[in-house]
Every structure is written in structure tokens, then in C-alpha cells.
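Undergrad: Shown below is the structure under consideration.
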Amino acid sequence: MTLSNDEILFAEKYKHITHNDKYLKLKSVPRHGSTNTFDHSVRVAMMASFLSGLFNIDSDSAARVGLLHDFCLVDYHKDDKDVHNGRWYCFYHPEDAVINSENEGFFLSFVEKKAIWSHMFPLSTCIPTSRLGYLLTFCDKVVATQESFANIPECLYNFRPMVSKLRLHVANVISRKN
Ligand SMILES: [Fe+2]
Ligand SMILES: [Fe+2]
């Protein structure tokens with residue numbers, strides 16, 4: 001699943017983040033089986049920015065939390081449970097995202113940090129306490145679901161040889177009976 005032209009243009013609008021060397025490494029961190037964390041974050045940011053007006057939220061703030069909410073370079077498929085004292089990825093990656101953002105000089109207000117910390121709600125102990133927080137967790141889940149479903153055609157394609165063999169086997173069994 002690749003970014004559309006509109007999504008690429010949107011990412012360019014925030015190039016102080018999306019051209020950052022460390023942030024660009026998110027392109028090699030896979031996400032939801034069909035994409036990478038850079039592209040996922042751009043999708044979440046664009047959706048949050050688009051919907052922000054409905055809830056009287058600043059669109060740049062919505063874009064910023066969308067872009068930075070998963071700024072963690074750990075690939076959760078390879079998480080060996082040693083890097084964060086055995087804690088689960090879903091609990092520590094929002095904290096890493098805020099730390100990495102601040103280390104790279106991206107300013108986040110407290111409300112924005114809290115939105116990022118709570119974006120895994122209800123899979124986290126941190127509950128959103130602002131409209132921005134609820135908008136981020138909503139957009140993250142919608143985009144994650146879309147990206148996960150994008151996998152289905154590929155999975156079916158990979159199962160094609162197995163289905164063909166099964167079909168042949170059934171045809172053989174039927175022809176032997178006749
Ligand atoms: Fe996340
Ligand atoms: Fe996410």
C-alpha cells in the first residue's frame with residue numbers, strides 16, 4: 001500500500017518533520033502487514049487534519065500528532081522484550097514517540113503529548129482527555145483497519161497455489177468415485 005499523490009503533497013507541507021533523517025527511518029519500520037510506519041503516520045495525520053475543523057481543533061496540531069504518534073523505531077515484529085524491560089510495544093511506543101519527537105526538536109504542547117500517549121486507548125492505561133486525543137485515537141484506528149484489510153487480497157493471492165492443489169485433489173477424489 002503506497003501513498004497517494006495527495007498524501008505525498010500533504011507530507012511535503014510538513015517537511016520539517018517528514019524530511020528529518022531519523023523520522024525518515026520510519027519508512028523501514030513495517031506496519032499492519034501492508035505498509036510502513038512513515039506512510040501510516042502520514043495517512044493518520046492527513047485524516048486528523050481533514051476532520052479537525054469539525055471539532056474546532058487546530059489543523060496543524062492534528063497533523064503534528066498524527067505524524068508523530070508512532071515515532072518509535074522499534075519493529076514490533078522483532079521486539080525481543082529486552083529493549084523496554086519486557087513491556088509490551090503497545091504500552092511503550094507512544095512514550096518513545098514523544099521522547100524521539102522532543103530529541104529531534106519537534107515542539108509538542110502538553111495537550112499534544114497527552115494525545116500521543118493515549119492514542120492506543122483502550123489498549124493503554126492512558127485515557128484521552130481532549131478532543132485532539134479522541135480525534136487521534138479515532139483516526140489511528142480507522143487507518144490501521146484500512147491498512148490491515150489491504151492485506152486480504154495479497155493473502156488470498158499467496159494462498160492461490162494451495163487452493164489450486166485442493167481443487168485438483170477434490171476433482172481427483174470425485175472422478176475416482178464415479
Ligand atoms: Fe501507535
Ligand atoms: Fe498508529
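Residue numbers start at 1 in each chain; chains themselves are named A, B, ... in the order of the C-alpha cells; ligands are numbered from 1 in the order shown.
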I'd like a table as a tab-separated table: residues in region 101-165 of chain A with an atom no more than 10 Å from region 37-48 of chain A, each row giving the shortest atom pair and its distance in Å to one decimal, only C-alpha atoms counted, sorted by chain and rising residue number.

TA:
residue	atom	partner	partner_atom	distance
A:Leu132	CA	A:Ala48	CA	8.7
A:Leu135	CA	A:Ala48	CA	6.5
A:Leu136	CA	A:Ala48	CA	6.4
A:Thr137	CA	A:Val44	CA	9.4
A:Phe138	CA	A:Ala48	CA	8.7
A:Cys139	CA	A:Val44	CA	5.7
A:Asp140	CA	A:Val44	CA	5.6
A:Lys141	CA	A:Val44	CA	8.8
A:Val142	CA	A:Val44	CA	8.4
A:Val143	CA	A:Val44	CA	6.2
A:Ala144	CA	A:His40	CA	7.7
A:Glu147	CA	A:His40	CA	8.1

Undergrad: Near region 92-105 of chain A, within 9 Å and counting only C-alpha atoms, which residues show up once chain neighbours fewer than 6 positions away are dropped, as a tab-separated table (two decimals) with N, CA and C atoms, in the first residue's frame?

TA:
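That gives us part_14.tsv:
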chain	number	residue	atom	x	y	z
A	17	ILE	N	9.27	17.93	9.50
A	17	ILE	CA	9.19	16.63	10.18
A	17	ILE	C	9.52	15.50	9.20
A	20	ASN	N	13.13	14.91	8.13
A	20	ASN	CA	14.10	14.67	9.20
A	20	ASN	C	14.72	13.27	9.05
A	22	LYS	N	16.03	11.05	11.09
A	22	LYS	CA	15.56	9.98	11.98
A	22	LYS	C	14.12	9.60	11.65
A	23	TYR	N	13.31	10.61	11.35
A	23	TYR	CA	11.90	10.35	11.01
A	23	TYR	C	11.80	9.50	9.74
A	68	LEU	N	3.52	12.34	14.38
A	68	LEU	CA	4.50	11.93	15.41
A	68	LEU	C	4.02	10.82	16.33
A	69	HIS	N	2.74	10.40	16.23
A	69	HIS	CA	2.20	9.49	17.25
A	69	HIS	C	2.90	8.13	17.30
A	70	ASP	N	3.48	7.68	16.19
A	70	ASP	CA	4.17	6.37	16.17
A	70	ASP	C	5.66	6.53	15.90
A	71	PHE	N	6.24	7.65	16.31
A	71	PHE	CA	7.66	7.92	16.05
A	71	PHE	C	8.53	7.06	16.99
A	72	CYS	N	8.49	5.77	16.72
A	72	CYS	CA	9.26	4.78	17.50
A	72	CYS	C	9.90	3.85	16.48
A	73	LEU	N	11.21	3.67	16.59
A	73	LEU	CA	11.93	2.92	15.54
A	73	LEU	C	11.99	1.42	15.79
A	74	VAL	N	11.29	0.96	16.82
A	74	VAL	CA	11.27	-0.49	17.10
A	74	VAL	C	10.26	-1.16	16.16
A	84	HIS	N	12.72	-2.70	26.39
A	84	HIS	CA	11.93	-1.85	27.31
A	84	HIS	C	11.50	-2.65	28.54
A	113	LYS	N	1.17	16.08	23.60
A	113	LYS	CA	1.87	14.92	24.17
A	113	LYS	C	0.86	13.94	24.75
A	116	ILE	N	-0.79	11.89	22.13
A	116	ILE	CA	0.08	10.81	21.64
A	116	ILE	C	0.16	9.69	22.67
A	117	TRP	N	0.35	10.03	23.94
A	117	TRP	CA	0.46	8.99	24.98
A	117	TRP	C	-0.80	8.12	25.05
A	118	SER	N	-1.96	8.73	24.73
A	118	SER	CA	-3.22	7.99	24.91
A	118	SER	C	-3.77	7.43	23.60
A	119	HIS	N	-2.97	7.49	22.50
A	119	HIS	CA	-3.58	7.12	21.22
A	119	HIS	C	-3.90	5.63	21.11
A	120	MET	N	-3.32	4.80	21.99
A	120	MET	CA	-3.62	3.36	21.91
A	120	MET	C	-4.88	3.00	22.70

Undergrad: Would you please work out which residue, of A:Asp21, A:Asp75, A:Asp60, A:Glu12, is nearest to ligand 1 when using only C-alpha atoms and all ligand atoms?

TA: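 Looking only at the distances to ligand 1, the closest residue turns out to be A:Asp75.
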
Undergrad: Can you work out the spacing between CA of Thr125 (chain A) and CA of Cys90 (chain A) in Å, to one decimal?

TA: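 Going from CA of Thr125 (chain A) over to CA of Cys90 (chain A) covers 10.4 Å.
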
Undergrad: If we count only C-alpha atoms and set the cut-off at 12 Å, which residues sit around His19 (chain A), ignoring sequence neighbours fewer than 5 positions away in its own chain? Please answer as a list in words.

TA: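 My reading of the contact set: Ile8, Ala11, Glu12, Lys13, Tyr14, Leu24, Lys25, Leu26, Lys27, Phe38, Leu67 and Glu104 of chain A.
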
Undergrad: For the residues in the current selection, export C-alpha atoms as a CSV table (one decimal), in the first residue's frame.

TA:
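result.csv was written with the following content:
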chain,number,residue,atom,x,y,z
A,8,ILE,CA,2.7,12.9,-0.7
A,11,ALA,CA,3.7,15.1,3.8
A,12,GLU,CA,5.6,17.8,1.9
A,13,LYS,CA,3.7,20.5,3.7
A,14,TYR,CA,5.2,19.3,7.0
A,24,LEU,CA,12.7,9.0,7.5
A,25,LYS,CA,13.8,5.8,9.2
A,26,LEU,CA,10.2,5.0,9.9
A,27,LYS,CA,10.0,4.0,6.2
A,38,PHE,CA,6.1,6.6,7.8
A,67,LEU,CA,2.8,12.5,12.1
A,104,GLU,CA,14.6,15.8,17.2

Undergrad: So, counting only C-alpha atoms and all ligand atoms, which residue among A:Ile127, A:Val65, A:Val173, A:Ile57 is closest to ligand 2?

TA: A:Val65

Undergrad: Mind the document's chain letters and residue numbers, and return as a PyMOL selection string the residues of chain A that DSSP labels alpha helix (DSSP H).

TA: chain A and resi 5-13+15-18+21-24+37-52+59-68+89-103+110-117+131-149+151-158+160-177

Undergrad: Which of these, A:Leu9, A:Phe121, A:Phe110, A:Met1, has the shortest distance to ligand 1 once you count only C-alpha atoms and all ligand atoms?

TA: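 The closest residue to ligand 1 is A:Phe121.
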
Undergrad: Please, what distance in Å, to one decimal, runs between CA of Arg64 (chain A) and CA of Ser49 (chain A)?

TA: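 Between CA of Arg64 (chain A) and CA of Ser49 (chain A) the gap works out to 8.8 Å.
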
Undergrad: Hey, what does DSSP flag as strand (DSSP E or B) within region 12-164 of chain A? Can you give it to me as JSON, numbers by chain?

TA: {"A": [30, 31, 35, 36]}

Undergrad: Grab the residues selected above and save them as a CSV table (one decimal), in the first residue's frame with C-alpha atoms.

TA:
chain,number,residue,atom,x,y,z
A,30,PRO,CA,6.7,-2.2,8.8
A,31,ARG,CA,3.2,-1.6,9.9
A,35,THR,CA,2.6,-0.5,4.8
A,36,ASN,CA,5.4,1.2,6.8

Undergrad: Any idea what's packed within 8 Å of Thr129 (chain A), counting only C-alpha atoms, ignoring anything in its chain fewer than 4 positions away? Could you give it as a VMD selection string?

TA: chain A and resid 114 to 115 133 to 134

Undergrad: Restricted to C-alpha atoms, what would the selected residues look like written as a compact mmCIF listing (two decimals), in the first residue's frame?

TA:
# COMPACT_ATOMS: atom_id res chain seq x y z
CA LYS A 114 -1.13 13.60 26.09
CA ALA A 115 -2.93 12.87 22.80
CA GLY A 133 -6.75 12.95 21.84
CA TYR A 134 -10.05 11.37 20.77

Undergrad: Which one of A:His32, A:Ile174, A:Asn56, A:Leu3 sits closest to ligand 2 if you count only C-alpha atoms and all ligand atoms?

TA: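 Under the stated criterion, the closest residue is A:His32.
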